[in-house]
Amino acid sequence: MAVKGLGAETAAALLVAVGDNPGCLRSESAFAHLCGVAPIPTSSGKTSRRRLNRGGDRRTNHALYMVAVSRMAWEPRIRAYVARRTAEGKTKTEIIRCLKRHIAREVYGLLIPRTPAQPTSRQDLTTAA
């Protein structure tokens, strides 16, 4: 809950999603697919767009949406990002899609414990003993 915009209910939804599917989380991309925030290309002709995956856990997707909307309202760095992307011609929906993917990447780093670095060379193995 130390993440800005992440309250008790949103944190609970994210923990439930990870707790139910620990084997599915091989990478942050897998977590994004689980949450339904992985971008899917939807291009037609000369138009190149992406949309969010409609699959995944809807409660987790909603939790990430709430974090994105709350950050858009009061965090100056995110407000500047929204203004810049709006000037580039992106819609609010596309901006929220990008923010949700970024937040999923951030949350994955907090939810999944990192393993200590393994020694990579023979010299590292002899000095570690």
# chains A, B, ... in the order shown; residues from 1 in each chain; ligands from 1
>>> select_by_dssp(residues="region 15-58 of chain A", states="helix (DSSP H, G or I)", output="VMD selection string")
chain A and resid 15 to 20 22 to 24 28 to 35 58
>>> write_last_selection(atoms="C-alpha atoms", output="PDB file, in the first residue's frame")
ATOM      1  CA  LEU A  15      -3.037  -9.849  -4.039  1.00  0.00           C
ATOM      2  CA  VAL A  16      -6.009 -12.136  -4.667  1.00  0.00           C
ATOM      3  CA  ALA A  17      -5.174 -12.293  -8.379  1.00  0.00           C
ATOM      4  CA  VAL A  18      -1.554 -13.188  -7.667  1.00  0.00           C
ATOM      5  CA  GLY A  19      -2.482 -15.624  -4.885  1.00  0.00           C
ATOM      6  CA  ASP A  20      -4.886 -17.558  -7.091  1.00  0.00           C
ATOM      7  CA  PRO A  22       1.144 -18.064  -8.781  1.00  0.00           C
ATOM      8  CA  GLY A  23       2.142 -20.483 -11.551  1.00  0.00           C
ATOM      9  CA  CYS A  24       0.939 -18.124 -14.278  1.00  0.00           C
ATOM     10  CA  GLU A  28       5.537  -8.943 -15.922  1.00  0.00           C
ATOM     11  CA  SER A  29       3.983  -9.597 -19.317  1.00  0.00           C
ATOM     12  CA  ALA A  30       2.177 -12.623 -17.907  1.00  0.00           C
ATOM     13  CA  PHE A  31       0.958 -10.478 -15.013  1.00  0.00           C
ATOM     14  CA  ALA A  32      -0.311  -7.885 -17.501  1.00  0.00           C
ATOM     15  CA  HIS A  33      -2.226 -10.580 -19.391  1.00  0.00           C
ATOM     16  CA  LEU A  34      -3.638 -11.878 -16.104  1.00  0.00           C
ATOM     17  CA  CYS A  35      -4.855  -8.364 -15.256  1.00  0.00           C
ATOM     18  CA  ARG A  58     -11.799  -7.976 -14.337  1.00  0.00           C
TER      19      ARG A  58
END
>>> residues_around(residues="Ser70 (chain A)", least_positions_apart="6", cutoff="12 Å", atoms="only C-alpha atoms", output="list in words")
Val3, Lys4, Gly5, Leu6, Gly7, Thr10, Ala63, Leu64, Pro76, Ile78, Arg79, Ile96, Leu99, Lys100 and Ile103 of chain A
>>> atom_distance(atom1="CA of Ser44 (chain A)", atom2="CA of Arg101 (chain A)")
22.8 Å
>>> atom_distance(atom1="CA of Arg50 (chain A)", atom2="CA of Val37 (chain A)")
11.0 Å
>>> select_by_dssp(residues="chain A", states="strand (DSSP E or B)", output="PyMOL selection string")
chain A and resi 39-41+44+47+50-52
>>> write_last_selection(atoms="N, CA, C and O atoms", output="PDB file, in the first residue's frame")
ATOM      1  N   PRO A  39      -1.465  -4.861 -24.101  1.00  0.00           N
ATOM      2  CA  PRO A  39      -1.975  -4.261 -25.339  1.00  0.00           C
ATOM      3  C   PRO A  39      -2.062  -5.278 -26.473  1.00  0.00           C
ATOM      4  O   PRO A  39      -1.201  -6.142 -26.626  1.00  0.00           O
ATOM      5  N   ILE A  40      -3.110  -5.149 -27.273  1.00  0.00           N
ATOM      6  CA  ILE A  40      -3.321  -6.009 -28.431  1.00  0.00           C
ATOM      7  C   ILE A  40      -3.415  -5.103 -29.655  1.00  0.00           C
ATOM      8  O   ILE A  40      -4.178  -4.133 -29.649  1.00  0.00           O
ATOM      9  N   PRO A  41      -2.644  -5.387 -30.708  1.00  0.00           N
ATOM     10  CA  PRO A  41      -2.723  -4.528 -31.891  1.00  0.00           C
ATOM     11  C   PRO A  41      -4.081  -4.662 -32.585  1.00  0.00           C
ATOM     12  O   PRO A  41      -4.592  -5.760 -32.762  1.00  0.00           O
ATOM     13  N   SER A  44      -5.848  -1.184 -38.808  1.00  0.00           N
ATOM     14  CA  SER A  44      -6.681  -1.316 -39.987  1.00  0.00           C
ATOM     15  C   SER A  44      -6.193  -0.303 -41.017  1.00  0.00           C
ATOM     16  O   SER A  44      -6.223   0.905 -40.760  1.00  0.00           O
ATOM     17  N   THR A  47      -4.063   3.005 -40.218  1.00  0.00           N
ATOM     18  CA  THR A  47      -4.219   3.309 -38.800  1.00  0.00           C
ATOM     19  C   THR A  47      -3.571   2.218 -37.967  1.00  0.00           C
ATOM     20  O   THR A  47      -3.884   1.042 -38.131  1.00  0.00           O
ATOM     21  N   ARG A  50      -3.668   0.204 -30.697  1.00  0.00           N
ATOM     22  CA  ARG A  50      -3.659  -0.922 -29.764  1.00  0.00           C
ATOM     23  C   ARG A  50      -4.837  -0.759 -28.829  1.00  0.00           C
ATOM     24  O   ARG A  50      -5.277   0.344 -28.566  1.00  0.00           O
ATOM     25  N   ARG A  51      -5.314  -1.892 -28.333  1.00  0.00           N
ATOM     26  CA  ARG A  51      -6.387  -1.850 -27.355  1.00  0.00           C
ATOM     27  C   ARG A  51      -6.025  -2.791 -26.224  1.00  0.00           C
ATOM     28  O   ARG A  51      -5.107  -3.603 -26.352  1.00  0.00           O
ATOM     29  N   LEU A  52      -6.766  -2.708 -25.133  1.00  0.00           N
ATOM     30  CA  LEU A  52      -6.502  -3.594 -24.011  1.00  0.00           C
ATOM     31  C   LEU A  52      -7.127  -4.952 -24.253  1.00  0.00           C
ATOM     32  O   LEU A  52      -8.143  -5.083 -24.922  1.00  0.00           O
TER      33      LEU A  52
END
>>> closest_residue(among="A:Leu110, A:Ala80, A:Leu14, A:Ile95", to="His62 (chain A)", atoms="only C-alpha atoms")
A:Leu14
>>> atom_distance(atom1="CA of Arg59 (chain A)", atom2="CA of Ala8 (chain A)")
13.6 Å
